[in-house]
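**Student:** File my_file21.pdb follows (PDB, C-alpha atoms):
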ATOM      1  CA  MET A   1       6.204  35.913  78.431
ATOM      2  CA  SER A   2       8.847  34.884  75.899
ATOM      3  CA  ASP A   3       8.144  35.499  72.231
ATOM      4  CA  LEU A   4       8.445  31.786  71.360
ATOM      5  CA  ARG A   5       6.152  30.775  74.206
ATOM      6  CA  GLU A   6       3.465  33.206  73.092
ATOM      7  CA  LYS A   7       3.743  31.995  69.493
ATOM      8  CA  LEU A   8       3.253  28.370  70.570
ATOM      9  CA  ILE A   9       0.138  29.376  72.497
ATOM     10  CA  HIS A  10      -1.086  31.371  69.497
ATOM     11  CA  LEU A  11      -0.644  28.352  67.210
ATOM     12  CA  ALA A  12      -2.548  26.206  69.710
ATOM     13  CA  HIS A  13      -5.519  28.531  69.164
ATOM     14  CA  CYS A  14      -5.516  28.028  65.394
ATOM     15  CA  PRO A  15      -7.994  25.209  64.638
ATOM     16  CA  SER A  16      -6.386  24.500  61.251
ATOM     17  CA  VAL A  17      -2.937  23.813  62.751
ATOM     18  CA  ASN A  18      -2.055  20.360  64.083
ATOM     19  CA  TRP A  19       0.830  18.934  66.112
ATOM     20  CA  LYS A  20       2.880  17.872  63.099
ATOM     21  CA  GLN A  21       2.608  21.275  61.444
ATOM     22  CA  ILE A  22       3.894  23.030  64.558
ATOM     23  CA  PHE A  23       6.759  20.533  64.580
ATOM     24  CA  THR A  24       7.518  21.396  60.948
ATOM     25  CA  LEU A  25       7.470  25.121  61.710
ATOM     26  CA  LEU A  26       9.887  24.579  64.616
ATOM     27  CA  GLN A  27      12.182  22.527  62.391
ATOM     28  CA  GLN A  28      12.213  25.374  59.900
ATOM     29  CA  ASN A  29      13.025  27.907  62.616
ATOM     30  CA  SER A  30      13.288  26.848  66.269
ATOM     31  CA  SER A  31      12.367  30.344  67.484
ATOM     32  CA  LEU A  32       9.407  30.704  65.074
ATOM     33  CA  GLN A  33      10.973  34.043  64.209
ATOM     34  CA  ASN A  34       9.216  34.394  60.852
ATOM     35  CA  LEU A  35       5.850  32.968  61.877
ATOM     36  CA  TYR A  36       3.865  36.118  61.162
ATOM     37  CA  GLU A  37       5.733  36.925  57.965
ATOM     38  CA  TYR A  38       4.895  33.722  56.077
ATOM     39  CA  SER A  39       2.568  34.252  53.125
ATOM     40  CA  PRO A  40      -0.234  31.740  52.456
ATOM     41  CA  SER A  41       1.751  30.328  49.523
ATOM     42  CA  GLN A  42       4.810  29.853  51.761
ATOM     43  CA  LEU A  43       2.672  28.127  54.397
ATOM     44  CA  GLN A  44       1.124  25.944  51.703
ATOM     45  CA  LYS A  45       4.539  24.791  50.498
ATOM     46  CA  LEU A  46       6.154  24.447  53.916
ATOM     47  CA  LEU A  47       3.275  22.542  55.528
ATOM     48  CA  THR A  48       2.044  20.697  52.404
ATOM     49  CA  LEU A  49      -1.456  22.142  52.629
ATOM     50  CA  SER A  50      -4.230  23.224  50.321
ATOM     51  CA  ILE A  51      -4.168  26.944  49.603
ATOM     52  CA  GLU A  52      -7.566  27.228  51.343
ATOM     53  CA  ARG A  53      -6.176  25.836  54.573
ATOM     54  CA  ALA A  54      -3.023  27.936  54.290
ATOM     55  CA  ASN A  55      -5.188  31.029  53.875
ATOM     56  CA  GLN A  56      -7.145  30.072  56.987
ATOM     57  CA  ILE A  57      -3.974  29.667  59.057
ATOM     58  CA  LYS A  58      -2.706  33.051  57.884
ATOM     59  CA  LYS A  59      -6.052  34.621  58.736
ATOM     60  CA  ASP A  60      -6.061  33.034  62.211
ATOM     61  CA  LEU A  61      -2.564  34.308  62.932
ATOM     62  CA  GLN A  62      -3.620  37.797  61.888
ATOM     63  CA  THR A  63      -6.994  37.966  63.616
ATOM     64  CA  ILE A  64      -6.933  35.848  66.793
ATOM     65  CA  PRO A  65      -6.245  38.404  69.580
ATOM     66  CA  ILE A  66      -3.983  36.149  71.618
ATOM     67  CA  ARG A  67      -3.010  38.689  74.274
ATOM     68  CA  ASP A  68      -6.634  39.625  74.947
ATOM     69  CA  ILE A  69      -7.447  35.921  75.178
ATOM     70  CA  LEU A  70      -4.638  35.358  77.685
ATOM     71  CA  ASP A  71      -5.943  38.228  79.821
ATOM     72  CA  LYS A  72      -9.358  36.524  79.769
ATOM     73  CA  TYR A  73      -7.772  33.245  80.852
ATOM     74  CA  ASP A  74      -6.081  34.993  83.784
ATOM     75  CA  ALA A  75      -9.479  36.162  84.963
ATOM     76  CA  GLU A  76     -10.868  32.617  84.608
ATOM     77  CA  ASN A  77      -7.928  30.874  86.319
ATOM     78  CA  ILE A  78      -6.919  29.100  83.118
ATOM     79  CA  GLN A  79      -3.173  28.599  82.789
ATOM     80  CA  CYS A  80      -1.171  27.776  79.668
ATOM     81  CA  VAL A  81       1.731  25.408  80.267
ATOM     82  CA  THR A  82       4.030  25.129  77.255
ATOM     83  CA  ILE A  83       6.693  22.527  76.626
ATOM     84  CA  LEU A  84       9.219  25.292  77.354
ATOM     85  CA  ASP A  85       8.002  25.775  80.930
ATOM     86  CA  ASP A  86       9.361  24.292  84.150
ATOM     87  CA  GLU A  87       5.773  23.398  85.110
ATOM     88  CA  TYR A  88       5.490  21.037  82.129
ATOM     89  CA  PRO A  89       5.324  17.406  83.387
ATOM     90  CA  GLU A  90       8.626  15.646  82.858
ATOM     91  CA  LEU A  91       7.182  12.223  81.986
ATOM     92  CA  LEU A  92       4.971  13.748  79.295
ATOM     93  CA  ARG A  93       7.898  15.667  77.850
ATOM     94  CA  HIS A  94       9.517  12.357  76.880
ATOM     95  CA  ILE A  95       6.752  10.796  74.803
ATOM     96  CA  TYR A  96       7.061  10.727  71.001
ATOM     97  CA  ASP A  97       4.618  13.583  70.396
ATOM     98  CA  PRO A  98       4.249  15.680  73.563
ATOM     99  CA  PRO A  99       1.633  18.439  73.467
ATOM    100  CA  TRP A 100       3.160  21.827  72.696
ATOM    101  CA  VAL A 101       0.708  23.506  75.064
ATOM    102  CA  LEU A 102      -1.431  22.241  77.926
ATOM    103  CA  PHE A 103      -4.384  24.295  79.109
ATOM    104  CA  ALA A 104      -4.853  23.818  82.835
ATOM    105  CA  ARG A 105      -7.417  24.659  85.488
ATOM    106  CA  GLY A 106      -6.692  23.822  89.090
ATOM    107  CA  LYS A 107      -3.649  22.675  91.017
ATOM    108  CA  ILE A 108      -0.693  22.774  88.601
ATOM    109  CA  SER A 109       1.495  21.165  91.280
ATOM    110  CA  LEU A 110      -0.251  17.846  90.567
ATOM    111  CA  LEU A 111       1.693  17.698  87.281
ATOM    112  CA  HIS A 112       4.717  16.848  89.421
ATOM    113  CA  ALA A 113       3.138  14.372  91.817
ATOM    114  CA  THR A 114       5.650  11.818  93.053
ATOM    115  CA  ALA A 115       3.200   8.935  92.513
ATOM    116  CA  SER A 116       0.452   8.763  89.893
ATOM    117  CA  LEU A 117      -1.524   6.155  87.987
ATOM    118  CA  SER A 118      -3.620   6.410  84.834
ATOM    119  CA  VAL A 119      -6.938   4.561  85.029
ATOM    120  CA  VAL A 120      -9.064   3.803  81.972
ATOM    121  CA  GLY A 121     -11.920   1.481  81.118
ATOM    122  CA  THR A 122     -15.287   0.970  79.534
ATOM    123  CA  ARG A 123     -18.126   3.487  79.598
ATOM    124  CA  ASN A 124     -20.423   0.619  80.585
ATOM    125  CA  PRO A 125     -18.772  -1.193  83.491
ATOM    126  CA  THR A 126     -20.349  -4.132  85.257
ATOM    127  CA  SER A 127     -20.711  -4.259  89.037
ATOM    128  CA  TYR A 128     -17.583  -6.429  89.002
ATOM    129  CA  GLY A 129     -15.660  -3.693  87.178
ATOM    130  CA  THR A 130     -16.514  -0.919  89.637
ATOM    131  CA  ALA A 131     -15.898  -3.212  92.619
ATOM    132  CA  ALA A 132     -12.535  -4.290  91.190
ATOM    133  CA  LEU A 133     -11.587  -0.649  90.565
ATOM    134  CA  THR A 134     -12.277   0.209  94.207
ATOM    135  CA  HIS A 135     -10.464  -2.886  95.469
ATOM    136  CA  ILE A 136      -7.304  -2.116  93.488
ATOM    137  CA  VAL A 137      -7.134   1.683  93.525
ATOM    138  CA  LYS A 138      -8.469   2.650  96.965
ATOM    139  CA  PRO A 139      -5.381   1.428  98.900
ATOM    140  CA  MET A 140      -3.154   3.329  96.454
ATOM    141  CA  LEU A 141      -5.019   6.561  97.159
ATOM    142  CA  HIS A 142      -4.056   6.189 100.803
ATOM    143  CA  GLU A 143      -0.427   6.111  99.612
ATOM    144  CA  GLU A 144      -0.991   9.510  97.958
ATOM    145  CA  PHE A 145      -1.235   8.250  94.393
ATOM    146  CA  VAL A 146      -2.831  10.756  92.014
ATOM    147  CA  VAL A 147      -5.408   9.221  89.653
ATOM    148  CA  VAL A 148      -5.297  10.375  86.011
ATOM    149  CA  SER A 149      -8.273   9.646  83.753
ATOM    150  CA  GLY A 150     -10.402  11.094  80.970
ATOM    151  CA  LEU A 151     -13.688  12.288  82.560
ATOM    152  CA  ALA A 152     -15.665   9.835  80.412
ATOM    153  CA  LEU A 153     -18.710   8.010  81.733
ATOM    154  CA  GLY A 154     -18.129   4.653  83.367
ATOM    155  CA  ILE A 155     -14.710   3.672  84.704
ATOM    156  CA  ASP A 156     -13.149   7.125  84.162
ATOM    157  CA  GLN A 157     -15.903   8.816  86.147
ATOM    158  CA  ALA A 158     -15.742   6.160  88.858
ATOM    159  CA  ALA A 159     -11.965   6.585  89.179
ATOM    160  CA  HIS A 160     -12.248  10.370  89.568
ATOM    161  CA  GLU A 161     -15.098  10.049  92.065
ATOM    162  CA  LEU A 162     -13.226   7.424  94.095
ATOM    163  CA  ALA A 163     -10.212   9.735  94.415
ATOM    164  CA  ILE A 164     -12.445  12.612  95.508
ATOM    165  CA  ALA A 165     -14.336  10.449  98.021
ATOM    166  CA  GLU A 166     -11.073   9.222  99.545
ATOM    167  CA  LYS A 167      -9.732  12.797  99.911
ATOM    168  CA  ALA A 168      -7.012  12.044  97.361
ATOM    169  CA  LYS A 169      -6.197  13.969  94.155
ATOM    170  CA  THR A 170      -7.157  13.413  90.534
ATOM    171  CA  ILE A 171      -6.367  14.822  87.088
ATOM    172  CA  ALA A 172      -8.935  14.854  84.269
ATOM    173  CA  VAL A 173      -7.662  15.072  80.686
ATOM    174  CA  LEU A 174     -10.300  16.313  78.259
ATOM    175  CA  GLY A 175     -10.914  15.602  74.572
ATOM    176  CA  GLY A 176     -12.022  19.183  73.955
ATOM    177  CA  GLY A 177     -11.814  22.657  75.451
ATOM    178  CA  PHE A 178     -12.916  23.757  78.914
ATOM    179  CA  TYR A 179     -15.920  25.678  77.562
ATOM    180  CA  ASN A 180     -17.317  22.486  76.025
ATOM    181  CA  ILE A 181     -17.264  19.822  78.741
ATOM    182  CA  TYR A 182     -18.071  16.346  77.425
ATOM    183  CA  PRO A 183     -20.025  14.387  78.404
ATOM    184  CA  ARG A 184     -22.454  17.028  79.609
ATOM    185  CA  GLY A 185     -23.564  14.778  82.427
ATOM    186  CA  ASN A 186     -20.136  15.175  84.026
ATOM    187  CA  GLN A 187     -20.162  18.982  84.173
ATOM    188  CA  ASN A 188     -20.508  19.018  87.971
ATOM    189  CA  LEU A 189     -17.654  16.547  88.289
ATOM    190  CA  ALA A 190     -15.545  18.693  85.943
ATOM    191  CA  ARG A 191     -16.281  21.762  88.066
ATOM    192  CA  GLU A 192     -15.204  19.928  91.227
ATOM    193  CA  ILE A 193     -11.978  18.763  89.596
ATOM    194  CA  ALA A 194     -11.154  22.225  88.233
ATOM    195  CA  GLN A 195     -11.663  23.792  91.661
ATOM    196  CA  HIS A 196      -9.905  21.270  93.897
ATOM    197  CA  HIS A 197      -7.835  19.012  91.633
ATOM    198  CA  LEU A 198      -6.591  19.552  88.045
ATOM    199  CA  MET A 199      -8.256  19.641  84.654
ATOM    200  CA  LEU A 200      -6.099  19.503  81.520
ATOM    201  CA  SER A 201      -6.584  19.773  77.783
ATOM    202  CA  GLU A 202      -4.369  20.035  74.731
ATOM    203  CA  TYR A 203      -7.193  21.950  73.080
ATOM    204  CA  ALA A 204      -7.913  25.651  73.531
ATOM    205  CA  PRO A 205     -10.964  26.287  75.751
ATOM    206  CA  PHE A 206     -13.262  27.250  72.862
ATOM    207  CA  MET A 207     -12.622  24.042  70.878
ATOM    208  CA  LYS A 208     -15.452  21.515  70.776
ATOM    209  CA  PRO A 209     -14.685  17.810  71.238
ATOM    210  CA  THR A 210     -14.518  15.770  68.048
ATOM    211  CA  LYS A 211     -14.101  12.021  67.604
ATOM    212  CA  TRP A 212     -10.475  12.295  66.488
ATOM    213  CA  PHE A 213      -9.524  14.406  69.513
ATOM    214  CA  PHE A 214     -10.065  11.504  71.910
ATOM    215  CA  PRO A 215      -7.370   9.110  70.605
ATOM    216  CA  ARG A 216      -4.956  12.072  70.751
ATOM    217  CA  ARG A 217      -6.149  12.828  74.297
ATOM    218  CA  ASN A 218      -5.436   9.237  75.326
ATOM    219  CA  ARG A 219      -1.692   9.568  74.710
ATOM    220  CA  ILE A 220      -1.651  12.332  77.337
ATOM    221  CA  ILE A 221      -3.493  10.173  79.879
ATOM    222  CA  SER A 222      -0.904   7.401  79.497
ATOM    223  CA  GLY A 223       2.005   9.814  79.061
ATOM    224  CA  LEU A 224       1.450  11.658  82.336
ATOM    225  CA  THR A 225       2.206   8.596  84.473
ATOM    226  CA  GLY A 226       4.538   5.650  84.686
ATOM    227  CA  GLY A 227       1.713   3.128  84.488
ATOM    228  CA  THR A 228      -1.828   2.661  83.167
ATOM    229  CA  LEU A 229      -4.467   0.437  84.752
ATOM    230  CA  VAL A 230      -7.152  -0.952  82.437
ATOM    231  CA  VAL A 231     -10.183  -2.042  84.433
ATOM    232  CA  GLN A 232     -12.642  -3.286  81.793
ATOM    233  CA  ALA A 233     -12.351  -2.770  78.050
ATOM    234  CA  LYS A 234     -13.527  -4.185  74.769
ATOM    235  CA  GLU A 235     -10.998  -4.935  72.065
ATOM    236  CA  ARG A 236     -10.320  -1.960  69.752
ATOM    237  CA  SER A 237     -11.832   0.394  72.326
ATOM    238  CA  GLY A 238     -10.490   3.755  73.446
ATOM    239  CA  SER A 239      -9.123   2.135  76.602
ATOM    240  CA  PHE A 240      -7.331  -0.495  74.522
ATOM    241  CA  ILE A 241      -5.807   2.328  72.430
ATOM    242  CA  THR A 242      -4.638   4.086  75.592
ATOM    243  CA  ALA A 243      -2.970   0.905  76.814
ATOM    244  CA  ASP A 244      -1.297   0.427  73.432
ATOM    245  CA  GLN A 245       0.010   3.992  73.571
ATOM    246  CA  ALA A 246       1.330   3.390  77.081
ATOM    247  CA  LEU A 247       3.281   0.388  75.782
ATOM    248  CA  GLN A 248       4.665   2.459  72.902
ATOM    249  CA  GLN A 249       5.711   5.097  75.427
ATOM    250  CA  GLY A 250       7.625   2.477  77.410
ATOM    251  CA  ARG A 251       5.229   2.641  80.359
ATOM    252  CA  GLU A 252       3.807  -0.150  82.500
ATOM    253  CA  VAL A 253       0.372  -1.524  81.628
ATOM    254  CA  PHE A 254      -1.734  -3.273  84.246
ATOM    255  CA  ALA A 255      -4.986  -5.107  83.553
ATOM    256  CA  ILE A 256      -7.662  -6.557  85.794
ATOM    257  CA  PRO A 257      -8.699  -9.970  84.424
ATOM    258  CA  GLY A 258     -12.343 -10.765  83.816
ATOM    259  CA  SER A 259     -14.726 -13.480  82.787
ATOM    260  CA  ILE A 260     -14.205 -14.963  79.327
ATOM    261  CA  PHE A 261     -17.971 -14.631  78.878
ATOM    262  CA  GLU A 262     -18.026 -10.840  79.375
ATOM    263  CA  GLU A 263     -17.470  -8.573  76.366
ATOM    264  CA  THR A 264     -16.009  -5.923  78.652
ATOM    265  CA  SER A 265     -13.246  -8.357  79.620
ATOM    266  CA  CYS A 266     -12.126  -9.194  76.068
ATOM    267  CA  GLY A 267      -9.799  -6.202  75.871
ATOM    268  CA  THR A 268      -8.255  -6.592  79.318
ATOM    269  CA  ASN A 269      -7.717 -10.319  78.891
ATOM    270  CA  LYS A 270      -6.161  -9.676  75.468
ATOM    271  CA  LEU A 271      -3.802  -7.110  77.000
ATOM    272  CA  ILE A 272      -2.677  -9.709  79.533
ATOM    273  CA  GLN A 273      -1.981 -12.112  76.664
ATOM    274  CA  LEU A 274       0.089  -9.358  75.030
ATOM    275  CA  GLY A 275       2.180  -8.811  78.165
ATOM    276  CA  ALA A 276       0.252  -6.476  80.455
ATOM    277  CA  LYS A 277       0.643  -7.344  84.109
ATOM    278  CA  LEU A 278      -2.346  -9.161  85.586
ATOM    279  CA  VAL A 279      -3.325  -7.405  88.821
ATOM    280  CA  GLN A 280      -5.384  -8.690  91.726
ATOM    281  CA  SER A 281      -4.329  -6.224  94.413
ATOM    282  CA  ALA A 282      -2.874  -2.748  94.829
ATOM    283  CA  ALA A 283       0.490  -4.306  95.690
ATOM    284  CA  ASP A 284       0.690  -5.820  92.203
ATOM    285  CA  ILE A 285       0.898  -2.240  90.910
ATOM    286  CA  THR A 286       2.813  -0.469  93.669
ATOM    287  CA  ASP A 287       5.582  -3.085  93.621
ATOM    288  CA  GLU A 288       6.220  -2.185  89.975
ATOM    289  CA  MET A 289       5.566   1.547  90.257
ATOM    290  CA  MET A 290       8.008   2.159  93.104
ATOM    291  CA  TYR A 291      10.797   2.009  90.535
ATOM    292  CA  ILE A 292       9.276   4.542  88.140
ATOM    293  CA  ARG A 293       7.700   7.193  90.372
TER
END
In structure tokens, write the structure found in this file.
**Tutor:**
Amino acid sequence: MSDLREKLIHLAHCPSVNWKQIFTLLQQNSSLQNLYEYSPSQLQKLLTLSIERANQIKKDLQTIPIRDILDKYDAENIQCVTILDDEYPELLRHIYDPPWVLFARGKISLLHATASLSVVGTRNPTSYGTAALTHIVKPMLHEEFVVVSGLALGIDQAAHELAIAEKAKTIAVLGGGFYNIYPRGNQNLAREIAQHHLMLSEYAPFMKPTKWFFPRRNRIISGLTGGTLVVQAKERSGSFITADQALQQGREVFAIPGSIFEETSCGTNKLIQLGAKLVQSAADITDEMMYIR
């Protein structure tokens, strides 16, 4: 393992360090050569932190036994894919703020699937929403599309389960670490995905999900693929945020229209007004996606 690669993984295990601070450290020295020599006062100045937080980062760098942790991951079939690695997904590499490290359990080869689609939607879908999801996505699974979603209840769960039922492949992107699966009701689904598909997280396995992790997680869901399908979503929902991030990333956004009387259709209909492609069949997506696979 290269020295820089190990340092990136070490930083990913420091709860007090965020994406921007790693970026700042890399700007200061692209090899992170002096990472372990910085004093708390130097970290405070360089990263514009409180001295308390700088002290915590210094302590984490001194006390987190990263090599022992990596040995533990090997035994648990957890892989660390850094932005330096060939295994890192190329589409994700080109977003504005790509994760420095991805923690992975399962089939790493799915990161380089030739055809994939992100699917997001409400945690409380109607019967129309789940039927529409099946109608649109099922034919794509028979064309070997990989479904990417977030393991949440509702549309995410339905998308993963549809892929599994159709003997296709799926990727689940978590808003926390592997040791803290959320929601708890999807632990069996998570286990199935980790064994036969692929589970991903930007967060080290011990990290618990927090509310601000999920918007960050959503940029990975949209960033892994060339297009995102929104099945049902309220305005200002997590699914709406994911679609907005997909647009910012220059990716295609597809939306299934719904009744003007249904709250779960407000977000999808709004996305169509804003330029998302209205979809009524799998072909409406595959015709666009064939150019960006």
**Student:** Would you pick out the contacts of A:Asp3 at 12 Å or less, using all atoms listed in the file, so that residues sharing its chain but fewer than 3 positions from it are not included, and give the list as JSON, numbers by chain?
**Tutor:** {"A": [6, 7, 8, 9, 10, 30, 31, 32, 33, 34, 35, 36, 67, 84]}
**Student:** Using the chain letters and numbers from the file, give me the residues hit by the PyMOL selection byres ((chain A and resi 43) around 12), as a ChimeraX atom specification.
**Tutor:** /A:16-17,21-22,24-25,28,34-42,44-59,61
**Student:** Find, counting all atoms listed in the file, the residue in A:His160, A:Lys20, A:His13, A:Lys234 that gets nearest to A:Thr63.
**Tutor:** A:His13
**Student:** Give me the result of the PyMOL selection byres ((chain A and resi 251) around 12) on this file, residue by residue, as a PyMOL selection string.
**Tutor:** chain A and resi 91-92+94-95+117-118+219+221-229+242-250+252-254+276-277+288-289+291-293
**Student:** Please evaluate the PyMOL selection byres ((chain A and resi 124-129) around 10) against the structure above and give the resulting residues as a compact mmCIF listing (two decimals) with C-alpha atoms, in the coordinates of the input.
**Tutor:**
# COMPACT_ATOMS: atom_id res chain seq x y z
CA GLY A 121 -11.92 1.48 81.12
CA THR A 122 -15.29 0.97 79.53
CA ARG A 123 -18.13 3.49 79.60
CA THR A 130 -16.51 -0.92 89.64
CA ALA A 131 -15.90 -3.21 92.62
CA ALA A 132 -12.54 -4.29 91.19
CA LEU A 133 -11.59 -0.65 90.56
CA THR A 134 -12.28 0.21 94.21
CA HIS A 135 -10.46 -2.89 95.47
CA LEU A 153 -18.71 8.01 81.73
CA GLY A 154 -18.13 4.65 83.37
CA ILE A 155 -14.71 3.67 84.70
CA ALA A 158 -15.74 6.16 88.86
CA VAL A 231 -10.18 -2.04 84.43
CA GLN A 232 -12.64 -3.29 81.79
CA ALA A 233 -12.35 -2.77 78.05
CA ILE A 256 -7.66 -6.56 85.79
CA PRO A 257 -8.70 -9.97 84.42
CA GLY A 258 -12.34 -10.76 83.82
CA SER A 259 -14.73 -13.48 82.79
CA GLU A 262 -18.03 -10.84 79.38
CA THR A 264 -16.01 -5.92 78.65
CA SER A 265 -13.25 -8.36 79.62
**Student:** Just how far from atom CA of A:Leu271 is atom CA of A:Arg236, in Å to one decimal?
**Tutor:**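 Answer for the atom CA of A:Arg236 to atom CA of A:Leu271 separation: 11.0 Å.
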**Student:** Please, what distance in Å, to one decimal, runs between atom CA of A:Lys107 and atom CA of A:Ala12?
**Tutor:**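 Straight-line distance from atom CA of A:Lys107 to atom CA of A:Ala12 works out to 21.6 Å.
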**Student:** For the atom pair atom CA of A:Ser281 and atom CA of A:Ile136, what is the interatomic distance in Å to one decimal place?
**Tutor:**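 Computing it gives 5.2 Å between the two atoms.
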